[in-house]
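Colleague: Pasting run25.cif below, which is mmCIF, C-alpha atoms and all ligand atoms.
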```cif
data_query
#
loop_
_atom_site.group_PDB
_atom_site.id
_atom_site.type_symbol
_atom_site.label_atom_id
_atom_site.label_comp_id
_atom_site.auth_asym_id
_atom_site.auth_seq_id
_atom_site.Cartn_x
_atom_site.Cartn_y
_atom_site.Cartn_z
ATOM 1 C CA MET A 111 -28.445 88.137 -33.645
ATOM 2 C CA THR A 112 -27.129 89.433 -30.370
ATOM 3 C CA PRO A 113 -25.549 92.894 -30.652
ATOM 4 C CA THR A 114 -21.746 93.053 -30.451
ATOM 5 C CA ARG A 115 -19.723 95.478 -28.391
ATOM 6 C CA GLN A 116 -19.316 97.593 -31.500
ATOM 7 C CA ASP A 117 -23.062 97.526 -32.339
ATOM 8 C CA LEU A 118 -23.816 98.781 -28.873
ATOM 9 C CA ALA A 119 -21.067 101.398 -28.891
ATOM 10 C CA GLN A 120 -22.362 102.824 -32.168
ATOM 11 C CA SER A 121 -25.953 103.385 -30.952
ATOM 12 C CA GLY A 122 -26.930 106.833 -32.291
ATOM 13 C CA THR A 123 -29.909 107.558 -30.001
ATOM 14 C CA LEU A 124 -31.084 106.440 -26.562
ATOM 15 C CA GLU A 125 -34.076 104.674 -28.199
ATOM 16 C CA GLU A 126 -31.728 102.716 -30.392
ATOM 17 C CA LEU A 127 -29.592 101.821 -27.355
ATOM 18 C CA TYR A 128 -32.688 100.727 -25.374
ATOM 19 C CA GLY A 129 -33.715 98.439 -28.227
ATOM 20 C CA LYS A 130 -30.318 96.759 -28.232
ATOM 21 C CA LEU A 131 -30.161 96.519 -24.430
ATOM 22 C CA ASP A 132 -33.520 94.744 -24.459
ATOM 23 C CA ARG A 133 -32.014 91.959 -26.538
ATOM 24 C CA ILE A 134 -29.207 91.338 -24.026
ATOM 25 C CA ALA A 135 -31.402 91.488 -20.900
ATOM 26 C CA MET A 136 -30.015 94.768 -19.638
ATOM 27 C CA GLY A 137 -32.050 97.795 -18.606
ATOM 28 C CA PRO A 138 -31.032 101.446 -18.315
ATOM 29 C CA GLY A 139 -31.201 102.266 -14.585
ATOM 30 C CA TRP A 140 -31.842 105.928 -15.397
ATOM 31 C CA ASN A 141 -34.986 105.106 -17.369
ATOM 32 C CA LYS A 142 -36.874 102.619 -15.199
ATOM 33 C CA PRO A 143 -40.676 102.628 -15.434
ATOM 34 C CA THR A 144 -40.929 102.114 -11.636
ATOM 35 C CA PRO A 145 -38.603 103.199 -8.826
ATOM 36 C CA SER A 146 -36.505 100.601 -6.957
ATOM 37 C CA LEU A 147 -36.224 102.517 -3.718
ATOM 38 C CA TRP A 148 -38.721 104.631 -1.784
ATOM 39 C CA GLN A 149 -38.789 106.686 1.378
ATOM 40 C CA ALA A 150 -40.868 104.463 3.656
ATOM 41 C CA PRO A 151 -42.762 101.133 3.450
ATOM 42 C CA ARG A 152 -45.506 101.230 0.847
ATOM 43 C CA LYS A 153 -49.057 100.237 1.631
ATOM 44 C CA THR A 154 -49.331 97.111 -0.457
ATOM 45 C CA LEU A 155 -51.271 94.493 1.495
ATOM 46 C CA VAL A 156 -54.231 95.951 3.377
ATOM 47 C CA PRO A 157 -55.688 95.789 6.900
ATOM 48 C CA ALA A 158 -58.392 93.123 7.017
ATOM 49 C CA HIS A 159 -60.760 91.160 9.286
ATOM 50 C CA TRP A 160 -62.133 87.618 8.950
ATOM 51 C CA ARG A 161 -65.075 86.248 10.941
ATOM 52 C CA TYR A 162 -64.985 82.803 12.532
ATOM 53 C CA GLU A 163 -68.789 82.631 12.321
ATOM 54 C CA GLN A 164 -68.633 82.790 8.526
ATOM 55 C CA ALA A 165 -65.738 80.320 8.406
ATOM 56 C CA ARG A 166 -67.770 77.861 10.519
ATOM 57 C CA GLY A 167 -70.617 77.989 8.005
ATOM 58 C CA ALA A 168 -68.291 77.482 5.057
ATOM 59 C CA LEU A 169 -66.334 74.669 6.750
ATOM 60 C CA ASP A 170 -69.545 72.852 7.647
ATOM 61 C CA ALA A 171 -70.526 72.948 3.966
ATOM 62 C CA ALA A 172 -67.025 71.791 3.009
ATOM 63 C CA GLY A 173 -67.472 68.925 5.501
ATOM 64 C CA ARG A 174 -70.334 67.659 3.335
ATOM 65 C CA LEU A 175 -68.649 68.391 0.041
ATOM 66 C CA ILE A 176 -64.996 67.367 0.435
ATOM 67 C CA ASN A 177 -63.271 64.737 2.575
ATOM 68 C CA THR A 178 -59.741 64.590 3.931
ATOM 69 C CA ALA A 179 -58.837 61.740 1.601
ATOM 70 C CA LEU A 180 -59.364 64.091 -1.363
ATOM 71 C CA ALA A 181 -58.181 67.334 0.199
ATOM 72 C CA GLU A 182 -54.680 67.378 1.697
ATOM 73 C CA ARG A 183 -56.284 69.687 4.276
ATOM 74 C CA ARG A 184 -59.882 70.960 4.567
ATOM 75 C CA ASN A 185 -59.036 74.601 5.116
ATOM 76 C CA LEU A 186 -60.066 78.129 4.182
ATOM 77 C CA ILE A 187 -57.182 80.449 3.381
ATOM 78 C CA LEU A 188 -57.448 84.029 4.633
ATOM 79 C CA VAL A 189 -56.350 85.796 1.476
ATOM 80 C CA ASN A 190 -55.458 89.438 2.010
ATOM 81 C CA PRO A 191 -57.997 91.338 -0.127
ATOM 82 C CA ALA A 192 -55.380 93.680 -1.656
ATOM 83 C CA GLU A 193 -55.635 93.877 -5.426
ATOM 84 C CA GLY A 194 -53.565 91.243 -7.179
ATOM 85 C CA ASN A 195 -52.908 89.158 -4.052
ATOM 86 C CA THR A 196 -53.866 85.499 -4.341
ATOM 87 C CA TYR A 197 -52.490 83.873 -1.193
ATOM 88 C CA GLY A 198 -50.842 85.592 1.791
ATOM 89 C CA THR A 199 -52.669 87.084 4.763
ATOM 90 C CA THR A 200 -49.680 89.415 5.118
ATOM 91 C CA ARG A 201 -46.473 89.559 3.036
ATOM 92 C CA THR A 202 -44.734 86.704 4.886
ATOM 93 C CA LEU A 203 -47.517 84.826 6.677
ATOM 94 C CA VAL A 204 -50.703 83.032 5.749
ATOM 95 C CA ALA A 205 -53.555 82.065 8.056
ATOM 96 C CA ALA A 206 -56.320 79.522 7.422
ATOM 97 C CA TYR A 207 -59.326 78.060 9.216
ATOM 98 C CA GLN A 208 -59.300 74.270 9.231
ATOM 99 C CA MET A 209 -61.806 71.610 10.251
ATOM 100 C CA ILE A 210 -61.663 67.858 10.625
ATOM 101 C CA MET A 211 -64.705 65.710 11.292
ATOM 102 C CA PRO A 212 -65.087 62.916 13.824
ATOM 103 C CA GLY A 213 -63.202 59.815 12.726
ATOM 104 C CA GLU A 214 -61.232 61.651 10.068
ATOM 105 C CA TRP A 215 -57.487 61.642 9.576
ATOM 106 C CA ALA A 216 -55.612 64.445 7.779
ATOM 107 C CA ARG A 217 -52.639 62.517 6.426
ATOM 108 C CA VAL A 218 -49.053 62.928 7.524
ATOM 109 C CA HIS A 219 -46.739 65.204 5.560
ATOM 110 C CA ARG A 220 -43.825 67.538 6.097
ATOM 111 C CA HIS A 221 -42.679 70.784 4.531
ATOM 112 C CA THR A 222 -40.074 73.492 4.987
ATOM 113 C CA PRO A 223 -42.621 76.208 5.867
ATOM 114 C CA ASN A 224 -42.969 76.515 9.641
ATOM 115 C CA ALA A 225 -46.523 76.129 10.892
ATOM 116 C CA LEU A 226 -48.499 76.614 14.059
ATOM 117 C CA ARG A 227 -52.108 76.334 15.005
ATOM 118 C CA LEU A 228 -54.475 77.928 17.506
ATOM 119 C CA ILE A 229 -57.243 75.564 18.543
ATOM 120 C CA LEU A 230 -60.715 77.159 18.460
ATOM 121 C CA ASP A 231 -63.239 74.377 19.106
ATOM 122 C CA ALA A 232 -62.269 70.753 19.684
ATOM 123 C CA GLU A 233 -63.365 67.954 21.980
ATOM 124 C CA PRO A 234 -60.928 65.657 23.805
ATOM 125 C CA GLY A 235 -59.665 63.056 21.338
ATOM 126 C CA THR A 236 -58.569 65.619 18.743
ATOM 127 C CA TYR A 237 -54.831 65.650 18.209
ATOM 128 C CA THR A 238 -51.922 66.520 15.951
ATOM 129 C CA GLU A 239 -49.219 63.948 15.473
ATOM 130 C CA VAL A 240 -45.842 65.718 15.412
ATOM 131 C CA ASP A 241 -42.793 63.527 14.684
ATOM 132 C CA GLY A 242 -44.688 60.469 15.909
ATOM 133 C CA VAL A 243 -46.083 61.993 19.128
ATOM 134 C CA ASN A 244 -49.837 62.615 19.427
ATOM 135 C CA ILE A 245 -50.352 66.072 20.925
ATOM 136 C CA ALA A 246 -53.788 66.895 22.324
ATOM 137 C CA MET A 247 -55.583 69.875 20.751
ATOM 138 C CA GLU A 248 -57.697 71.801 23.231
ATOM 139 C CA PRO A 249 -59.339 75.206 22.769
ATOM 140 C CA GLY A 250 -56.885 78.058 23.345
ATOM 141 C CA ASP A 251 -53.830 75.816 22.984
ATOM 142 C CA VAL A 252 -51.124 76.756 20.479
ATOM 143 C CA LEU A 253 -49.329 73.923 18.735
ATOM 144 C CA LEU A 254 -46.119 74.079 16.671
ATOM 145 C CA THR A 255 -45.001 72.074 13.666
ATOM 146 C CA PRO A 256 -41.578 73.554 12.836
ATOM 147 C CA ASN A 257 -39.738 73.330 9.504
ATOM 148 C CA TRP A 258 -39.632 69.701 8.249
ATOM 149 C CA SER A 259 -41.401 68.153 11.247
ATOM 150 C CA THR A 260 -43.757 65.366 10.204
ATOM 151 C CA HIS A 261 -47.388 66.049 11.110
ATOM 152 C CA GLY A 262 -50.953 64.844 10.629
ATOM 153 C CA HIS A 263 -54.255 65.527 12.383
ATOM 154 C CA GLY A 264 -56.748 63.074 13.883
ATOM 155 C CA ASN A 265 -60.148 63.345 15.532
ATOM 156 C CA HIS A 266 -61.492 60.483 17.636
ATOM 157 C CA SER A 267 -64.058 62.697 19.368
ATOM 158 C CA LYS A 268 -67.735 62.955 18.436
ATOM 159 C CA ALA A 269 -67.537 66.623 17.364
ATOM 160 C CA CYS A 270 -66.017 68.470 14.432
ATOM 161 C CA ALA A 271 -62.742 70.181 15.426
ATOM 162 C CA TYR A 272 -61.877 73.707 14.246
ATOM 163 C CA TRP A 273 -58.628 75.593 14.449
ATOM 164 C CA LEU A 274 -56.549 78.333 12.838
ATOM 165 C CA ASP A 275 -53.348 77.510 10.984
ATOM 166 C CA PHE A 276 -50.529 79.997 10.467
ATOM 167 C CA LEU A 277 -47.620 79.317 8.121
ATOM 168 C CA ASP A 278 -44.635 81.283 6.853
ATOM 169 C CA ALA A 279 -45.294 79.799 3.399
ATOM 170 C CA PRO A 280 -45.423 83.207 1.619
ATOM 171 C CA LEU A 281 -41.905 83.924 2.935
ATOM 172 C CA VAL A 282 -40.668 80.506 1.819
ATOM 173 C CA GLN A 283 -42.242 81.081 -1.602
ATOM 174 C CA LEU A 284 -40.381 84.391 -1.859
ATOM 175 C CA LEU A 285 -37.013 82.993 -0.736
ATOM 176 C CA GLU A 286 -37.644 79.716 -2.635
ATOM 177 C CA PRO A 287 -36.350 76.949 -0.302
ATOM 178 C CA MET A 288 -39.700 75.138 -0.638
ATOM 179 C CA PHE A 289 -39.773 71.378 -0.063
ATOM 180 C CA PHE A 290 -42.879 69.279 0.577
ATOM 181 C CA GLU A 291 -43.127 65.547 1.143
ATOM 182 C CA PRO A 292 -46.128 63.310 1.725
ATOM 183 C CA THR A 293 -44.842 60.862 4.343
ATOM 184 C CA GLU A 294 -47.893 58.723 5.057
ATOM 185 C CA GLU A 295 -47.222 55.011 4.916
ATOM 186 C CA GLU A 296 -49.667 52.174 4.464
ATOM 187 C CA GLY A 297 -51.353 51.264 7.787
ATOM 188 C CA HIS A 298 -50.227 54.462 9.500
ATOM 189 C CA GLU A 299 -53.699 55.360 10.697
ATOM 190 C CA ALA A 300 -54.210 52.128 12.642
ATOM 191 C CA PHE A 301 -50.869 52.570 14.380
ATOM 192 C CA ASP A 302 -51.602 56.187 15.189
ATOM 193 C CA LYS A 303 -54.892 55.504 16.935
ATOM 194 C CA ALA A 304 -53.117 53.457 19.606
ATOM 195 C CA ALA A 305 -51.306 56.370 21.283
ATOM 196 C CA ALA A 306 -53.201 58.565 23.767
ATOM 197 C CA PRO A 307 -52.815 62.320 23.106
ATOM 198 C CA THR A 308 -50.497 64.181 25.480
ATOM 199 C CA THR A 309 -49.629 67.821 26.207
ATOM 200 C CA ASP A 310 -46.186 66.826 27.470
ATOM 201 C CA SER A 311 -44.350 68.176 24.430
ATOM 202 C CA PRO A 312 -42.126 71.162 23.570
ATOM 203 C CA PHE A 313 -44.457 71.761 20.612
ATOM 204 C CA VAL A 314 -47.523 72.860 22.567
ATOM 205 C CA PHE A 315 -48.386 75.893 24.706
ATOM 206 C CA THR A 316 -51.528 75.052 26.661
ATOM 207 C CA LEU A 317 -54.019 77.797 27.462
ATOM 208 C CA LYS A 318 -53.797 76.736 31.109
ATOM 209 C CA ASP A 319 -50.047 77.498 31.261
ATOM 210 C CA THR A 320 -50.473 80.656 29.206
ATOM 211 C CA LEU A 321 -53.090 82.029 31.621
ATOM 212 C CA LYS A 322 -50.871 81.212 34.585
ATOM 213 C CA ARG A 323 -47.995 83.137 33.016
ATOM 214 C CA LEU A 324 -50.267 86.077 32.121
ATOM 215 C CA ASP A 325 -51.452 86.293 35.733
ATOM 216 C CA ALA A 326 -47.821 86.675 36.806
ATOM 217 C CA ALA A 327 -46.857 89.127 34.020
ATOM 218 C CA PRO A 328 -46.625 92.888 34.654
ATOM 219 C CA ALA A 329 -49.960 94.457 33.684
ATOM 220 C CA ASP A 330 -49.709 97.129 30.987
ATOM 221 C CA PRO A 331 -53.316 97.790 29.879
ATOM 222 C CA THR A 332 -52.501 101.007 27.995
ATOM 223 C CA GLY A 333 -49.189 99.845 26.504
ATOM 224 C CA PRO A 334 -49.080 98.797 22.839
ATOM 225 C CA PHE A 335 -49.678 95.110 23.680
ATOM 226 C CA GLY A 336 -51.787 95.185 26.844
ATOM 227 C CA THR A 337 -50.385 92.550 29.198
ATOM 228 C CA GLN A 338 -48.252 90.308 27.059
ATOM 229 C CA ILE A 339 -46.195 87.134 27.276
ATOM 230 C CA GLU A 340 -44.182 85.434 24.573
ATOM 231 C CA LEU A 341 -44.825 81.787 23.689
ATOM 232 C CA GLY A 342 -41.342 80.443 22.899
ATOM 233 C CA ALA A 343 -38.308 82.631 22.333
ATOM 234 C CA PRO A 344 -39.207 82.797 19.511
ATOM 235 C CA ALA A 345 -41.599 79.893 18.925
ATOM 236 C CA LEU A 346 -40.302 79.294 15.395
ATOM 237 C CA ASP A 347 -37.210 80.558 13.543
ATOM 238 C CA THR A 348 -39.294 82.917 11.407
ATOM 239 C CA THR A 349 -42.330 83.503 13.557
ATOM 240 C CA ALA A 350 -42.829 84.823 17.068
ATOM 241 C CA LEU A 351 -45.985 84.322 19.121
ATOM 242 C CA PHE A 352 -47.338 86.542 21.849
ATOM 243 C CA MET A 353 -50.458 86.214 23.961
ATOM 244 C CA MET A 354 -51.931 89.617 24.752
ATOM 245 C CA ARG A 355 -54.462 90.175 27.521
ATOM 246 C CA LEU A 356 -56.577 93.284 27.026
ATOM 247 C CA ALA A 357 -58.382 95.010 29.880
ATOM 248 C CA PRO A 358 -62.049 95.919 29.338
ATOM 249 C CA GLY A 359 -62.550 99.556 28.359
ATOM 250 C CA LYS A 360 -58.826 100.281 27.963
ATOM 251 C CA ARG A 361 -57.291 101.357 24.683
ATOM 252 C CA THR A 362 -53.827 100.062 23.844
ATOM 253 C CA ALA A 363 -51.210 102.532 22.606
ATOM 254 C CA THR A 364 -50.984 103.016 18.857
ATOM 255 C CA HIS A 365 -48.180 100.914 17.471
ATOM 256 C CA ARG A 366 -46.453 100.829 14.106
ATOM 257 C CA THR A 367 -43.752 98.359 13.099
ATOM 258 C CA THR A 368 -42.035 97.013 10.004
ATOM 259 C CA ALA A 369 -43.019 93.537 11.235
ATOM 260 C CA ASN A 370 -46.247 91.986 9.973
ATOM 261 C CA ASN A 371 -48.812 91.117 12.625
ATOM 262 C CA ILE A 372 -51.813 88.818 12.550
ATOM 263 C CA PHE A 373 -54.141 88.847 15.564
ATOM 264 C CA ALA A 374 -56.437 85.945 16.422
ATOM 265 C CA VAL A 375 -59.102 86.272 19.111
ATOM 266 C CA VAL A 376 -58.717 83.532 21.731
ATOM 267 C CA ARG A 377 -61.462 84.933 23.941
ATOM 268 C CA GLY A 378 -63.561 88.031 24.471
ATOM 269 C CA SER A 379 -64.706 90.761 22.124
ATOM 270 C CA GLY A 380 -63.631 94.260 21.183
ATOM 271 C CA THR A 381 -62.392 96.359 18.302
ATOM 272 C CA SER A 382 -59.110 96.858 16.503
ATOM 273 C CA THR A 383 -58.355 99.980 14.518
ATOM 274 C CA ILE A 384 -55.774 99.326 11.830
ATOM 275 C CA ASP A 385 -54.656 102.314 9.760
ATOM 276 C CA GLY A 386 -58.034 103.997 10.320
ATOM 277 C CA GLU A 387 -60.174 100.905 9.608
ATOM 278 C CA ARG A 388 -62.168 99.807 12.665
ATOM 279 C CA TYR A 389 -63.061 96.139 13.056
ATOM 280 C CA ALA A 390 -65.416 94.736 15.713
ATOM 281 C CA TRP A 391 -64.225 91.255 16.627
ATOM 282 C CA LYS A 392 -65.354 88.179 18.533
ATOM 283 C CA ARG A 393 -63.787 84.870 19.540
ATOM 284 C CA GLY A 394 -62.123 83.073 16.635
ATOM 285 C CA ASP A 395 -61.870 86.155 14.409
ATOM 286 C CA VAL A 396 -58.627 87.182 12.696
ATOM 287 C CA MET A 397 -57.260 90.650 11.922
ATOM 288 C CA ALA A 398 -54.269 91.465 9.723
ATOM 289 C CA ALA A 399 -52.056 94.470 10.443
ATOM 290 C CA PRO A 400 -49.562 94.499 7.560
ATOM 291 C CA ALA A 401 -46.159 96.157 7.991
ATOM 292 C CA TRP A 402 -46.055 99.836 8.944
ATOM 293 C CA ARG A 403 -49.832 100.164 9.510
ATOM 294 C CA PRO A 404 -50.506 101.927 12.836
ATOM 295 C CA HIS A 405 -52.934 99.972 14.997
ATOM 296 C CA PHE A 406 -54.506 99.745 18.457
ATOM 297 C CA HIS A 407 -57.090 97.606 20.248
ATOM 298 C CA GLU A 408 -59.990 98.202 22.645
ATOM 299 C CA ALA A 409 -61.546 95.224 24.416
ATOM 300 C CA SER A 410 -65.136 95.282 25.691
ATOM 301 C CA ASP A 411 -64.417 92.452 28.126
ATOM 302 C CA ASP A 412 -61.428 90.465 29.405
ATOM 303 C CA ALA A 413 -59.968 89.493 26.009
ATOM 304 C CA LEU A 414 -57.052 87.434 24.777
ATOM 305 C CA LEU A 415 -55.407 87.978 21.404
ATOM 306 C CA LEU A 416 -52.757 85.720 19.924
ATOM 307 C CA ARG A 417 -50.274 87.859 17.982
ATOM 308 C CA VAL A 418 -48.453 86.006 15.220
ATOM 309 C CA THR A 419 -45.586 88.017 13.766
ATOM 310 C CA ASP A 420 -42.566 87.814 11.470
ATOM 311 C CA GLU A 421 -40.577 89.940 13.959
ATOM 312 C CA PRO A 422 -37.738 87.339 14.169
ATOM 313 C CA VAL A 423 -37.128 87.720 10.418
ATOM 314 C CA MET A 424 -37.122 91.515 10.590
ATOM 315 C CA LYS A 425 -34.839 91.509 13.643
ATOM 316 C CA ARG A 426 -32.377 88.947 12.274
ATOM 317 C CA LEU A 427 -32.054 90.836 9.002
ATOM 318 C CA GLY A 428 -31.719 94.257 10.623
ATOM 319 C CA PHE A 429 -35.032 95.541 9.226
ATOM 320 C CA HIS A 430 -37.012 95.847 12.429
ATOM 321 C CA ARG A 431 -38.207 99.380 13.144
ATOM 322 C CA VAL A 432 -40.884 100.463 15.566
ATOM 323 C CA GLU A 433 -42.566 103.838 15.811
ATOM 324 C CA GLY A 434 -45.182 105.589 17.925
ATOM 325 C CA GLN A 435 -45.367 103.773 21.222
ATOM 326 C CA ALA A 436 -47.603 106.470 22.724
HETATM 327 FE FE FE B 501 -48.734 70.828 7.009
#
```
Will you turn the file into structure tokens for me?
Modeller:
Amino acid sequence: MTPTRQDLAQSGTLEELYGKLDRIAMGPGWNKPTPSLWQAPRKTLVPAHWRYEQARGALDAAGRLINTALAERRNLILVNPAEGNTYGTTRTLVAAYQMIMPGEWARVHRHTPNALRLILDAEPGTYTEVDGVNIAMEPGDVLLTPNWSTHGHGNHSKACAYWLDFLDAPLVQLLEPMFFEPTEEEGHEAFDKAAAPTTDSPFVFTLKDTLKRLDAAPADPTGPFGTQIELGAPALDTTALFMMRLAPGKRTATHRTTANNIFAVVRGSGTSTIDGERYAWKRGDVMAAPAWRPHFHEASDDALLLRVTDEPVMKRLGFHRVEGQA
């Protein structure tokens, strides 16, 4: 029986009180097993590096072993290796390598998580259908599928197509407004094949345009971001995208922020040092710099990094802090 006001008031010892509080789903704030507040962000998720080369091998095996009719998507999730984590690449974002084979169709669906993709290797004829428009997927291009936009992927080329997906799904899981809907109708595929892929869409940033903008941007090789431009403003409500150009032999300034950052290598090679861990990267690799982990980069040649960050969330909520620009 649930304790009455009088039962509770008559508790003779703290232990007795705790026992009664347990039964009414209350906890003594002065006797918590773990603190609720702490001085500075804790190191929960860890710095990490994933290699495209290994993903290619695994995706090629998956190409033999699973088809897109069975799998909603043939992808490899980059699970942050922190103990106990089972999904996110950082606290709010998840990245995944995905592949579709020639002639395949990854069926249309929509969901509240915002998504974007960076194309790694794809031949002309590979596309993403976003709200009925077929957008061409070419290496180095960045393609958006915002909250609730309908999207599917097709490949009419003769080569397997590989890309990186980024979603704010861990954030949506935390906040709980998750909705997902399969929207494929009978005969959709035949209809879809008719339309020629285009890059005339607000949902794509082509590498060609990005390079043009980088050429015109003020060079800052020893700043925290090298030479940087933003794709979108921000690209998605929760997620901002920046293309960083790194100069060979130059070290970027150490940077620490409450925002989570994922870096994907669009071209070139180099190293990133994230909270003391040094990772040597190549094209297609991914590095995670979770919140409040100081990090810097050193390119060995002319390199491009796509920075995917939850900065818009941190800024909007008043939680964005940056430290150590030098
Ligand atoms: Fe999706």
Colleague: Please identify the residues whose atoms come within 7 Å of ligand FE 501 (chain B), using all atoms listed in the file, and report them as a ChimeraX atom specification.
Modeller: /A:219-221,225,261
Colleague: Within 10 Å of (-62.0, 77.5, 2.0), all atoms listed in the file: residues as a ChimeraX atom specification?
Modeller: /A:165,168-169,171-172,183-188,206-208
Colleague: Would you work out the distance separating atom CA of A:Leu356 from atom CA of A:Met247, expressed in Å to one decimal?
Modeller: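 Atom-to-atom, atom CA of A:Leu356 and atom CA of A:Met247 are spaced 24.3 Å apart.
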Colleague: What gap, in Å, lies between atom CA of A:Asp385 and atom CA of A:Leu346?
Modeller: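 Distance reported for this atom pair: 27.7 Å.
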Colleague: Taking the file as I've supplied it (selection: the PyMOL selection byres (((chain A and resi 156-158) around 7) and not hetatm)), which residues are included? Please answer as a PyMOL selection string.
Modeller: chain A and resi 153-155+159-160+190-192+384+397-400
Colleague: Determine the residue membership of the PyMOL selection byres (((chain A and resi 267) around 9) and not hetatm) for the file above and supply it as a list of chain:residue names.
Modeller: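 Expected selection for the PyMOL selection byres (((chain A and resi 267) around 9) and not hetatm) here is A:Met211, A:Pro212, A:Gly213, A:Ala232, A:Glu233, A:Pro234, A:Gly235, A:Thr236, A:Asn265, A:His266, A:Lys268, A:Ala269, A:Cys270, A:Ala271.
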Colleague: Do you have the atom CA of A:Gly264-atom CA of A:Leu416 distance handy?
Modeller: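 Distance between the two atoms: 23.8 Å.
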Colleague: Find the residues near stretch 338-340 of chain A: any atom within 9 Å, counting all atoms listed in the file, skip ones fewer than 6 places away on the same chain, and give them as a list of chain:residue names.
Modeller: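 So the residues in contact are A:Thr320, A:Arg323, A:Leu324, A:Ala327, A:Pro328, A:Ala329, A:Asp330, A:Ala350, A:Leu351, A:Phe352, A:Met353, A:Met354, A:Arg355, A:Leu356.
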Colleague: Of the candidates A:Glu248, A:Glu193, A:Glu125, A:Asp117, which shows the shortest atom-to-atom distance to A:Asp231, using only C-alpha atoms?
Modeller: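 Among the listed residues, A:Glu248 lies closest to A:Asp231.
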Colleague: I'd like the residues picked by the PyMOL selection byres (((chain A and resi 139-145) around 12) and not hetatm) written out as a list of chain:residue names, using the chain letters and numbers from the file.
Modeller: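 When the PyMOL selection byres (((chain A and resi 139-145) around 12) and not hetatm) is applied to the shown file, the picked residues are A:Leu124, A:Glu125, A:Leu127, A:Tyr128, A:Leu131, A:Met136, A:Gly137, A:Pro138, A:Ser146, A:Leu147, A:Trp148, A:Gln149.
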Colleague: With C-alpha atoms retained, export the selected residues as a tab-separated table (two decimals), in the coordinates of the input.
Modeller:
```tsv
chain	number	residue	atom	x	y	z
A	124	LEU	CA	-31.08	106.44	-26.56
A	125	GLU	CA	-34.08	104.67	-28.20
A	127	LEU	CA	-29.59	101.82	-27.36
A	128	TYR	CA	-32.69	100.73	-25.37
A	131	LEU	CA	-30.16	96.52	-24.43
A	136	MET	CA	-30.02	94.77	-19.64
A	137	GLY	CA	-32.05	97.80	-18.61
A	138	PRO	CA	-31.03	101.45	-18.32
A	146	SER	CA	-36.51	100.60	-6.96
A	147	LEU	CA	-36.22	102.52	-3.72
A	148	TRP	CA	-38.72	104.63	-1.78
A	149	GLN	CA	-38.79	106.69	1.38
```
Colleague: Restricting the calculation to all atoms listed in the file: of A:Leu341, A:His263, A:Lys360, A:Thr368, which residue gets closest to A:Asp251?
Modeller: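 The answer is A:Leu341, which sits nearest to A:Asp251.
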Colleague: Taking only C-alpha atoms into account, which of A:Leu277, A:Ala363, A:Met209, A:Val376 comes nearest A:His407?
Modeller: A:Ala363
Colleague: Determine, counting all atoms listed in the file, which protein, DNA and RNA residues have an atom within 9 Å of an atom of A:Arg161; residues of the same chain fewer than 2 positions away are not included. Present the result as a list of chain:residue names.
Modeller: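 Near neighbours after the sequence-gap exclusion: A:His159, A:Glu163, A:Gln164, A:Ala165, A:Arg166, A:Trp391, A:Lys392, A:Arg393, A:Gly394, A:Asp395, A:Val396.
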Colleague: Measuring between only C-alpha atoms, which one of A:Asp420, A:Glu182, A:Glu433, A:Asp411 shows the shortest distance to A:Glu294?
Modeller: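 The answer is A:Glu182, which sits nearest to A:Glu294.
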Colleague: List the neighbours of A:Ala246 out to 7 Å using only C-alpha atoms; skip same-chain residues closer than 4 positions along the sequence, and give me the result as a VMD selection string.
Modeller: chain A and resid 236 to 238 307 to 309
